[in-house]
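As provided, query-v5.tsv (TSV, C-alpha atoms) reads as follows.
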```tsv
chain	number	residue	atom	x	y	z
B	947	MET	CA	8.47	0.78	21.61
B	948	ALA	CA	8.78	-2.40	19.64
B	949	GLU	CA	5.37	-3.35	20.84
B	950	THR	CA	3.18	-5.51	18.69
B	951	SER	CA	-0.18	-4.08	17.85
B	952	VAL	CA	-3.08	-6.25	16.88
B	953	ILE	CA	-6.17	-5.42	14.94
B	954	GLY	CA	-8.48	-8.19	15.95
B	955	ALA	CA	-10.67	-10.33	13.75
B	956	GLY	CA	-13.82	-8.48	14.74
B	957	THR	CA	-12.40	-5.02	14.28
B	958	ILE	CA	-12.65	-2.67	11.31
B	959	VAL	CA	-10.30	0.26	11.02
B	960	SER	CA	-11.13	2.84	8.40
B	961	GLY	CA	-8.27	5.26	8.35
B	962	HIS	CA	-4.55	5.37	8.29
B	963	VAL	CA	-2.42	3.28	10.61
B	964	ARG	CA	1.16	4.35	11.07
B	965	GLY	CA	3.88	4.38	13.64
B	966	GLN	CA	6.52	2.24	15.23
B	967	GLY	CA	6.47	-1.38	16.16
B	968	SER	CA	4.96	-4.41	14.54
B	969	LEU	CA	1.40	-4.88	13.50
B	970	GLU	CA	-0.79	-7.91	13.15
B	971	ILE	CA	-3.96	-7.52	11.17
B	972	LEU	CA	-6.60	-10.17	11.70
B	973	GLY	CA	-9.54	-7.94	10.91
B	974	ARG	CA	-10.13	-5.30	8.30
B	975	VAL	CA	-8.24	-2.13	7.53
B	976	GLU	CA	-9.43	0.34	4.95
B	977	GLY	CA	-6.59	2.77	4.66
B	978	ASP	CA	-2.86	2.90	4.40
B	979	VAL	CA	-0.67	1.04	6.85
B	980	SER	CA	2.85	2.27	7.49
B	981	VAL	CA	4.91	0.91	10.35
B	982	THR	CA	8.60	0.46	11.08
B	983	GLY	CA	8.27	-3.14	12.20
B	984	ASN	CA	6.86	-6.24	10.63
B	985	VAL	CA	3.34	-6.56	9.39
B	986	VAL	CA	1.46	-9.84	9.55
B	987	ILE	CA	-1.88	-10.18	7.88
B	988	GLY	CA	-3.75	-13.23	9.02
B	989	PRO	CA	-5.85	-15.51	6.82
B	990	ALA	CA	-8.98	-13.55	7.67
B	991	GLY	CA	-7.23	-10.20	7.41
B	992	ARG	CA	-8.42	-7.77	4.74
B	993	VAL	CA	-6.58	-4.61	3.84
B	994	ARG	CA	-7.60	-2.05	1.30
B	995	GLY	CA	-4.71	0.34	1.07
B	996	ASN	CA	-0.99	0.48	0.71
B	997	ILE	CA	1.14	-1.31	3.25
B	998	SER	CA	4.72	-0.54	4.11
B	999	GLY	CA	6.85	-2.13	6.77
B	1000	ALA	CA	10.02	-4.10	7.35
B	1001	GLU	CA	8.83	-7.59	6.60
B	1002	LEU	CA	5.32	-8.15	5.34
B	1003	THR	CA	3.82	-11.59	5.72
B	1004	ILE	CA	0.51	-11.82	3.94
B	1005	SER	CA	-1.95	-14.64	4.40
B	1006	GLY	CA	-5.11	-12.63	3.80
B	1007	HIS	CA	-6.36	-10.34	1.09
B	1008	VAL	CA	-4.74	-7.05	0.18
B	1009	GLN	CA	-5.86	-4.51	-2.35
B	1010	GLY	CA	-3.01	-2.07	-2.56
B	1011	ASP	CA	0.70	-1.82	-2.95
B	1012	LEU	CA	3.07	-3.70	-0.68
B	1013	ARG	CA	6.42	-2.27	0.14
B	1014	GLY	CA	8.79	-4.03	2.49
B	1015	THR	CA	12.17	-2.66	3.45
B	1016	GLN	CA	13.24	-6.26	4.12
B	1017	ALA	CA	10.83	-8.67	2.53
B	1018	VAL	CA	7.36	-9.36	1.30
B	1019	LEU	CA	6.14	-12.91	1.73
B	1020	LEU	CA	2.87	-14.16	0.34
B	1021	GLU	CA	1.71	-17.24	2.16
B	1022	PRO	CA	-0.70	-19.83	0.76
B	1023	GLY	CA	-4.17	-18.34	0.61
B	1024	ALA	CA	-2.90	-14.80	0.19
B	1025	ARG	CA	-4.51	-12.63	-2.44
B	1026	VAL	CA	-2.77	-9.47	-3.44
B	1027	ALA	CA	-3.90	-7.01	-6.08
B	1028	GLY	CA	-1.21	-4.39	-6.26
B	1029	ASP	CA	2.44	-3.79	-6.78
B	1030	ILE	CA	5.00	-5.54	-4.63
B	1031	SER	CA	8.47	-4.24	-4.01
B	1032	ALA	CA	11.06	-5.47	-1.54
B	1033	PRO	CA	14.62	-6.79	-1.55
B	1034	ARG	CA	13.18	-10.23	-0.98
B	1035	VAL	CA	9.86	-11.28	-2.41
B	1036	GLY	CA	8.41	-14.67	-1.75
B	1037	ILE	CA	5.23	-15.99	-3.30
B	1038	ALA	CA	4.27	-19.39	-1.96
B	1039	PRO	CA	2.29	-21.98	-3.91
B	1040	GLY	CA	-1.36	-21.20	-3.41
B	1041	ALA	CA	-0.87	-17.48	-3.16
B	1042	LEU	CA	-2.37	-15.17	-5.75
B	1043	ALA	CA	-0.71	-11.97	-6.88
B	1044	ARG	CA	-1.72	-9.50	-9.49
B	1045	GLY	CA	0.47	-6.53	-10.22
B	1046	HIS	CA	4.01	-5.48	-10.70
B	1047	VAL	CA	6.58	-7.29	-8.64
B	1048	GLN	CA	10.00	-5.86	-8.15
B	1049	THR	CA	12.88	-7.11	-6.08
B	1050	GLU	CA	15.08	-4.22	-5.27
B	1051	GLY	CA	17.68	-3.42	-2.66
B	1052	GLU	CA	20.59	-5.57	-1.58
B	1053	PRO	CA	20.84	-7.98	-4.54
B	1054	ALA	CA	21.41	-5.39	-7.26
B	1055	PRO	CA	21.05	-1.92	-5.83
B	1056	VAL	CA	22.45	0.00	-8.81
B	1057	VAL	CA	20.46	-1.84	-11.43
B	1058	ALA	CA	17.33	-1.75	-9.35
B	1059	ARG	CA	17.54	2.00	-8.84
B	1060	ALA	CA	18.29	2.66	-12.49
B	1061	ALA	CA	15.33	0.56	-13.48
B	1062	ALA	CA	12.99	1.83	-10.79
B	1063	PRO	CA	11.96	5.18	-12.31
B	1064	VAL	CA	11.31	3.57	-15.69
B	1065	ALA	CA	9.48	0.67	-14.15
B	1066	ARG	CA	7.13	2.79	-12.09
B	1067	PRO	CA	5.26	4.40	-14.98
B	1068	LEU	CA	5.01	1.03	-16.65
B	1069	ALA	CA	3.55	-0.57	-13.58
B	1070	PRO	CA	0.04	0.92	-13.79
B	1071	PRO	CA	-0.68	-0.32	-17.32
B	1072	ALA	CA	0.72	-3.70	-16.38
B	1073	ARG	CA	-1.73	-3.84	-13.56
B	1074	VAL	CA	-4.58	-2.53	-15.63
B	1075	ALA	CA	-3.98	-5.00	-18.41
B	1076	PRO	CA	-4.35	-8.28	-16.58
B	1077	THR	CA	-7.10	-7.07	-14.28
B	1078	PRO	CA	-10.08	-6.91	-16.63
B	1079	VAL	CA	-9.17	-9.42	-19.30
B	1080	SER	CA	-7.13	-12.48	-18.61
B	1081	GLN	CA	-5.85	-13.81	-15.36
B	1082	THR	CA	-3.60	-16.10	-17.33
B	1083	ALA	CA	-0.90	-13.50	-17.57
B	1084	PRO	CA	-0.49	-13.03	-13.83
B	1085	ALA	CA	-0.85	-16.74	-13.35
B	1086	ARG	CA	2.22	-17.28	-15.49
B	1087	LEU	CA	4.11	-14.70	-13.55
B	1088	GLU	CA	3.22	-16.46	-10.36
B	1089	ALA	CA	3.92	-19.91	-11.55
B	1090	LYS	CA	7.50	-19.16	-12.42
B	1091	PRO	CA	8.58	-17.50	-9.20
B	1092	LEU	CA	7.11	-20.36	-7.28
B	1093	PRO	CA	9.79	-23.01	-7.84
B	1094	ALA	CA	12.62	-20.71	-6.91
B	1095	LEU	CA	12.53	-17.18	-5.59
B	1096	ALA	CA	15.89	-16.58	-7.19
B	1097	ARG	CA	14.20	-16.87	-10.56
B	1098	ALA	CA	11.74	-14.21	-9.65
B	1099	GLU	CA	14.60	-11.92	-8.76
B	1100	ALA	CA	16.48	-12.82	-11.89
B	1101	LYS	CA	13.40	-12.38	-13.97
B	1102	ALA	CA	12.43	-8.95	-12.85
B	1103	PRO	CA	15.51	-7.00	-14.06
B	1104	PRO	CA	15.58	-8.50	-17.60
B	1105	ALA	CA	11.88	-7.82	-17.92
B	1106	LEU	CA	12.52	-4.20	-17.10
B	1107	ALA	CA	15.49	-4.04	-19.42
B	1108	LYS	CA	13.39	-5.31	-22.28
B	1109	VAL	CA	10.56	-2.96	-21.63
B	1110	GLU	CA	13.02	-0.12	-21.58
B	1111	ALA	CA	14.33	-1.23	-24.91
B	1112	LYS	CA	10.95	-0.64	-26.57
B	1113	PRO	CA	10.84	3.11	-26.10
B	1114	PRO	CA	13.98	4.76	-27.51
B	1115	LEU	CA	15.40	5.33	-24.04
B	1116	PRO	CA	18.84	3.80	-23.67
B	1117	PRO	CA	19.85	5.13	-20.25
B	1118	PRO	CA	20.25	1.94	-18.18
B	1119	THR	CA	23.25	0.61	-20.04
B	1120	PRO	CA	24.37	-1.52	-17.07
B	1121	THR	CA	21.34	-3.80	-17.37
B	1122	ARG	CA	21.86	-4.16	-21.10
B	1123	VAL	CA	25.51	-4.98	-20.82
B	1124	GLU	CA	24.59	-7.71	-18.41
B	1125	GLY	CA	21.72	-8.90	-20.50
B	1126	ARG	CA	23.43	-9.04	-23.88
B	1127	PRO	CA	26.35	-11.44	-23.39
B	1128	PRO	CA	24.06	-14.32	-22.47
B	1129	LEU	CA	22.06	-14.35	-25.68
B	1130	PRO	CA	20.33	-17.69	-25.01
B	1131	PRO	CA	18.37	-16.45	-21.94
B	1132	PRO	CA	16.51	-13.62	-23.74
B	1133	PRO	CA	14.98	-16.01	-26.29
B	1134	LYS	CA	13.86	-18.16	-23.40
B	1135	MET	CA	12.24	-15.23	-21.75
B	1136	ALA	CA	10.80	-14.04	-25.03
B	1137	PRO	CA	7.88	-16.45	-25.48
B	1138	PRO	CA	6.05	-15.58	-22.29
B	1139	LYS	CA	6.79	-11.88	-22.48
B	1140	PRO	CA	5.16	-10.94	-25.75
B	1141	GLU	CA	2.01	-12.54	-24.45
B	1142	VAL	CA	2.12	-10.51	-21.31
B	1143	ARG	CA	3.22	-7.35	-22.99
B	1144	LYS	CA	1.19	-7.27	-26.13
B	1145	PRO	CA	-1.92	-6.41	-24.17
B	1146	ASP	CA	-0.05	-3.62	-22.41
B	1147	PRO	CA	0.56	-1.19	-25.28
B	1148	ALA	CA	-2.91	-1.91	-26.60
B	1149	ARG	CA	-4.37	-1.10	-23.27
B	1150	VAL	CA	-2.29	1.91	-22.48
B	1151	ALA	CA	-4.34	3.87	-24.98
B	1152	PRO	CA	-7.85	2.90	-23.80
B	1153	ALA	CA	-6.99	3.41	-20.14
B	1154	PRO	CA	-5.04	6.65	-20.05
B	1155	PRO	CA	-6.87	8.11	-17.03
B	1156	GLN	CA	-5.63	5.32	-14.77
B	1157	ALA	CA	-2.10	5.43	-16.08
B	1158	GLU	CA	-1.25	8.98	-15.30
B	1159	PHE	CA	2.41	8.67	-16.07
B	1160	THR	CA	2.29	6.97	-19.44
B	1161	PRO	CA	0.50	9.69	-21.37
B	1162	VAL	CA	2.98	12.27	-20.18
B	1163	ARG	CA	5.87	10.67	-21.98
B	1164	PRO	CA	4.26	10.13	-25.37
B	1165	ILE	CA	3.06	13.72	-25.35
B	1166	LYS	CA	6.51	15.13	-24.88
B	1167	PRO	CA	8.03	13.57	-28.01
B	1168	GLU	CA	4.99	14.65	-29.99
B	1169	ALA	CA	5.38	18.15	-28.70
B	1170	ARG	CA	8.98	18.09	-29.77
B	1171	ARG	CA	8.28	16.74	-33.23
B	1172	PRO	CA	5.85	19.39	-34.48
B	1173	PRO	CA	8.45	22.19	-34.57
B	1174	PRO	CA	10.35	20.69	-37.53
B	1175	PRO	CA	7.22	20.76	-39.76
B	1176	VAL	CA	6.84	24.42	-38.93
B	1177	VAL	CA	10.05	25.19	-40.77
B	1178	PRO	CA	8.88	23.78	-44.16
B	1179	VAL	CA	5.64	25.67	-43.76
B	1180	ILE	CA	7.61	28.88	-43.71
B	1181	SER	CA	9.50	27.82	-46.81
B	1182	LYS	CA	6.21	27.04	-48.55
B	1183	GLY	CA	4.90	30.41	-47.61
B	1184	THR	CA	7.99	32.07	-48.96
B	1185	LYS	CA	7.59	30.17	-52.23
B	1186	ALA	CA	4.00	31.30	-52.52
B	1187	LYS	CA	5.04	34.86	-51.89
B	1188	LYS	CA	7.67	34.57	-54.55
B	1189	LYS	CA	5.11	33.25	-57.02
B	1190	LYS	CA	2.70	36.01	-56.13
B	1191	SER	CA	5.42	38.56	-56.54
B	1192	HIS	CA	6.27	37.09	-59.96
B	1193	ASP	CA	2.66	37.22	-61.04
I	431	MET	CA	-5.90	-11.44	25.25
I	432	ALA	CA	-7.63	-8.47	23.92
I	433	GLY	CA	-8.96	-8.64	20.43
I	434	THR	CA	-7.39	-5.44	19.28
I	435	VAL	CA	-4.30	-3.79	20.70
I	436	ILE	CA	-2.98	-0.48	19.51
I	437	GLY	CA	0.59	-0.52	20.71
I	438	GLU	CA	2.62	2.37	21.97
I	439	GLY	CA	4.14	4.25	19.08
I	440	LEU	CA	1.31	3.39	16.74
I	441	THR	CA	-1.04	6.06	15.46
I	442	ILE	CA	-4.42	5.48	13.92
I	443	GLU	CA	-6.22	8.30	12.21
I	444	GLY	CA	-9.71	7.17	11.43
I	445	ASP	CA	-12.51	5.12	12.75
I	446	ILE	CA	-12.28	1.87	14.61
I	447	SER	CA	-15.31	-0.29	14.91
I	448	GLY	CA	-15.78	-3.83	16.02
I	449	ASP	CA	-17.30	-6.29	18.41
I	450	GLU	CA	-14.33	-7.16	20.56
I	451	GLU	CA	-12.21	-5.73	23.30
I	452	ILE	CA	-9.92	-2.87	22.34
I	453	VAL	CA	-6.82	-1.83	24.23
I	454	ILE	CA	-5.03	1.36	23.29
I	455	HIS	CA	-1.50	2.24	24.30
I	456	GLY	CA	-0.78	4.42	21.30
I	457	ASN	CA	-2.54	7.30	19.63
I	458	LEU	CA	-5.98	7.39	18.13
I	459	ARG	CA	-7.71	10.23	16.38
I	460	GLY	CA	-11.15	9.60	15.02
I	461	ARG	CA	-13.88	7.50	16.46
I	462	LEU	CA	-13.99	4.29	18.40
I	463	THR	CA	-17.02	2.04	18.44
I	464	THR	CA	-17.21	-1.43	19.89
I	465	THR	CA	-19.66	-3.61	21.69
I	466	ASP	CA	-17.06	-4.79	24.18
I	467	ALA	CA	-14.72	-3.20	26.70
I	468	VAL	CA	-12.32	-0.38	25.88
I	469	THR	CA	-9.11	0.15	27.81
I	470	VAL	CA	-7.02	3.27	27.38
I	471	GLY	CA	-3.54	2.62	28.72
I	472	GLY	CA	-1.28	5.04	30.54
I	473	THR	CA	0.73	5.95	27.45
I	474	ALA	CA	-2.29	6.41	25.23
I	475	VAL	CA	-3.51	9.67	23.78
I	476	VAL	CA	-7.00	9.38	22.37
I	477	GLY	CA	-8.88	12.12	20.64
I	478	ALA	CA	-12.04	10.30	19.77
I	479	ASP	CA	-15.62	9.74	20.72
I	480	ILE	CA	-15.81	6.35	22.34
I	481	THR	CA	-18.73	3.98	22.39
I	482	GLY	CA	-18.47	0.65	24.15
I	483	ALA	CA	-19.68	-1.58	26.90
I	484	SER	CA	-17.20	-0.21	29.39
I	485	LEU	CA	-14.29	2.18	29.40
I	486	SER	CA	-11.23	2.27	31.60
I	487	VAL	CA	-9.01	5.31	31.25
I	488	ALA	CA	-5.43	5.49	32.50
I	489	GLY	CA	-4.16	7.77	29.75
I	490	GLN	CA	-5.60	10.81	28.07
I	491	VAL	CA	-8.94	10.88	26.38
I	492	THR	CA	-10.62	13.81	24.70
I	493	GLY	CA	-14.06	13.09	23.42
I	494	ASP	CA	-17.52	12.04	24.42
I	495	VAL	CA	-17.99	8.63	25.94
I	496	THR	CA	-21.03	6.42	25.78
I	497	ALA	CA	-20.82	3.20	27.71
I	498	SER	CA	-23.60	0.70	28.22
I	499	GLU	CA	-22.10	-0.51	31.48
I	500	ARG	CA	-19.48	1.63	33.16
I	501	VAL	CA	-16.72	4.20	32.87
I	502	ASP	CA	-13.71	4.21	35.18
I	503	ILE	CA	-11.06	6.88	35.23
I	504	GLN	CA	-7.94	5.48	36.88
I	505	ALA	CA	-5.44	7.46	38.92
I	506	GLY	CA	-3.33	9.43	36.48
I	507	GLY	CA	-6.00	9.21	33.84
I	508	LYS	CA	-7.42	12.26	32.17
I	509	LEU	CA	-10.74	12.56	30.43
I	510	VAL	CA	-12.24	15.64	28.83
I	511	GLY	CA	-15.70	15.15	27.42
I	512	ASP	CA	-19.21	14.19	28.26
I	513	ILE	CA	-19.96	10.82	29.71
I	514	LYS	CA	-23.08	8.78	29.41
I	515	ALA	CA	-22.96	5.59	31.42
I	516	ALA	CA	-24.87	3.66	34.03
I	517	ARG	CA	-21.91	3.64	36.40
I	518	PHE	CA	-19.06	6.05	36.61
I	519	THR	CA	-16.04	6.20	38.92
I	520	ILE	CA	-13.23	8.68	39.20
I	521	ALA	CA	-10.17	7.49	41.08
I	522	ASP	CA	-8.21	9.75	43.38
I	523	GLY	CA	-5.65	11.57	41.25
I	524	ALA	CA	-7.62	11.39	38.04
I	525	SER	CA	-8.66	14.41	36.00
I	526	PHE	CA	-12.04	14.89	34.48
I	527	LYS	CA	-13.88	17.70	32.83
I	528	GLY	CA	-17.30	17.31	31.30
I	529	ASN	CA	-20.90	16.45	31.88
I	530	VAL	CA	-22.09	13.21	33.30
I	531	ASP	CA	-25.33	11.51	32.43
I	532	MET	CA	-25.95	8.42	34.53
I	533	GLU	CA	-29.45	7.87	33.21
I	534	VAL	CA	-31.04	8.44	36.59
```
Show me this structure written as structure tokens.
Amino acid sequence: MAETSVIGAGTIVSGHVRGQGSLEILGRVEGDVSVTGNVVIGPAGRVRGNISGAELTISGHVQGDLRGTQAVLLEPGARVAGDISAPRVGIAPGALARGHVQTEGEPAPVVARAAAPVARPLAPPARVAPTPVSQTAPARLEAKPLPALARAEAKAPPALAKVEAKPPLPPPTPTRVEGRPPLPPPPKMAPPKPEVRKPDPARVAPAPPQAEFTPVRPIKPEARRPPPPVVPVISKGTKAKKKKSHD
Amino acid sequence: MAGTVIGEGLTIEGDISGDEEIVIHGNLRGRLTTTDAVTVGGTAVVGADITGASLSVAGQVTGDVTASERVDIQAGGKLVGDIKAARFTIADGASFKGNVDMEV
């Protein structure tokens, strides 16, 4: 069953590819790819769709999310526009990535899972932000993981912890406890982050249709806030009635 | 080696098109178009119209076949659908149901 499938250089698949075994894509796939084995995308490979597999090795172009149960490796020449998540993420020099990168799994399973639900809604705006305007932001993100993958892993959780700190949601205490004692590192991380993040909140508003999750959260607090004002209104009404009754 | 191989256990739902040889051991639902040879292995289950230079069937195929050269149904192979090809062979032990147009 662990047979390797190949989509040749002269072949175009428009549709979903799923199943067992490994897959090598040298041609084009327009649709989601989901296999249990490894996925290799050759230099001429083009995929437009989400890819999930054990270990993804990308040398071609991908427009979609990458999810590896073991690893995602971007080789030189790779171009990825989409979110990446895997226990191990490698981005080689010469590879381009644009999107949210998350290392989750073996290294810090608890932290990663606590951060995951918060990070997901934030991912779309993050992707939206760099796409139209500046490629400098993603470039910085790439440049830092390059020297050492460990940094990329170390960087991802604090980034999430900080983003969580902005909204008044203090659930993932474990990440904070870890992040607070070493005070020096946050300042170091601070300079690049405001630059990356400042566009985000600004862009969340103009691009609400793409970020389906983000509007849902702001609306809820607003919906909760209005009730308090209703109470004073009643008191005003009662005052007016009293005045009228006095007149 | 064939240009494209769909391994056993792999399922493709959609269209495949290309200009190279395609070998299928897995499942395909959709449409298959190539300018080269198509081989359907013994473990394959294909529900698709197939267009190619030639077709060799050892597995199961349901769909119409158009081949510019030839269609061969191997022993154990099963094909349900209409065939349009210049040459057409059915091996002993193969199953076939459909119309044949050999462009006489």
Can you check which residues of chain B have any atom within 6 Å of chain I? Use only C-alpha atoms and format it as a compact mmCIF listing (two decimals) with C-alpha atoms, keeping the file's coordinate frame.
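For reference, result-v6.txt as written:
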```txt
# COMPACT_ATOMS: atom_id res chain seq x y z
CA GLU B 949 5.37 -3.35 20.84
CA THR B 950 3.18 -5.51 18.69
CA SER B 951 -0.18 -4.08 17.85
CA VAL B 952 -3.08 -6.25 16.88
CA ILE B 953 -6.17 -5.42 14.94
CA GLY B 954 -8.48 -8.19 15.95
CA GLY B 956 -13.82 -8.48 14.74
CA THR B 957 -12.40 -5.02 14.28
CA ILE B 958 -12.65 -2.67 11.31
CA VAL B 959 -10.30 0.26 11.02
CA SER B 960 -11.13 2.84 8.40
CA GLY B 961 -8.27 5.26 8.35
CA HIS B 962 -4.55 5.37 8.29
CA VAL B 963 -2.42 3.28 10.61
CA ARG B 964 1.16 4.35 11.07
CA GLY B 965 3.88 4.38 13.64
CA GLN B 966 6.52 2.24 15.23
```
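Between CA of Val510 in chain I and CA of Glu533 in chain I the separation is 19.4 Å.
CA of Gly999 in chain B lies 12.3 Å from CA of Pro1033 in chain B.
Between CA of Gly482 in chain I and CA of Ser980 in chain B the interatomic distance comes to 27.1 Å.
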Within 7 Å of Gln490 in chain I using only C-alpha atoms, minus same-chain residues under 6 positions, as a ChimeraX atom specification: /I:474-476,507-509
Restrict the selected residues to C-alpha atoms and save them as a PDB file, keeping the file's coordinate frame.
```pdb
ATOM      1  CA  ALA I 474      -2.290   6.410  25.230  1.00  0.00           C
ATOM      2  CA  VAL I 475      -3.510   9.670  23.780  1.00  0.00           C
ATOM      3  CA  VAL I 476      -7.000   9.380  22.370  1.00  0.00           C
ATOM      4  CA  GLY I 507      -6.000   9.210  33.840  1.00  0.00           C
ATOM      5  CA  LYS I 508      -7.420  12.260  32.170  1.00  0.00           C
ATOM      6  CA  LEU I 509     -10.740  12.560  30.430  1.00  0.00           C
TER       7      LEU I 509
END
```
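Comparing the minimum interatomic distances between Asp502 in chain I and each of I:Leu485, I:Ala515, I:Val530, I:Ala478, counting only C-alpha atoms, we find that I:Leu485 sits nearest.
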Incomplete range 516-528 of chain I brought to N, CA and C atoms, written out as a short mmCIF file (atom, residue, chain, number, x, y, z; two decimals), keeping the file's coordinate frame:
```
data_model
loop_
_atom_site.label_atom_id
_atom_site.label_comp_id
_atom_site.auth_asym_id
_atom_site.auth_seq_id
_atom_site.Cartn_x
_atom_site.Cartn_y
_atom_site.Cartn_z
N ALA I 516 -24.07 4.05 32.88
CA ALA I 516 -24.87 3.66 34.03
C ALA I 516 -24.06 3.83 35.32
N ARG I 517 -22.77 3.50 35.22
CA ARG I 517 -21.91 3.64 36.40
C ARG I 517 -20.65 4.40 36.02
N PHE I 518 -20.19 5.19 36.95
CA PHE I 518 -19.06 6.05 36.61
C PHE I 518 -18.21 6.25 37.86
N THR I 519 -16.93 5.98 37.77
CA THR I 519 -16.04 6.20 38.92
C THR I 519 -14.86 7.04 38.49
N ILE I 520 -14.43 7.88 39.42
CA ILE I 520 -13.23 8.68 39.20
C ILE I 520 -12.28 8.38 40.35
N ALA I 521 -11.13 7.84 40.03
CA ALA I 521 -10.17 7.49 41.08
C ALA I 521 -9.49 8.75 41.59
N ASP I 522 -8.95 8.63 42.79
CA ASP I 522 -8.21 9.75 43.38
C ASP I 522 -6.97 10.01 42.52
N GLY I 523 -6.80 11.25 42.09
CA GLY I 523 -5.65 11.57 41.25
C GLY I 523 -5.98 11.60 39.77
N ALA I 524 -7.22 11.34 39.45
CA ALA I 524 -7.62 11.39 38.04
C ALA I 524 -8.17 12.77 37.71
N SER I 525 -8.12 13.12 36.44
CA SER I 525 -8.66 14.41 36.00
C SER I 525 -9.87 14.17 35.13
N PHE I 526 -10.83 15.03 35.30
CA PHE I 526 -12.04 14.89 34.48
C PHE I 526 -12.69 16.24 34.30
N LYS I 527 -13.14 16.48 33.10
CA LYS I 527 -13.88 17.70 32.83
C LYS I 527 -14.97 17.36 31.82
N GLY I 528 -16.21 17.60 32.22
CA GLY I 528 -17.30 17.31 31.30
C GLY I 528 -18.58 17.02 32.04
#
```
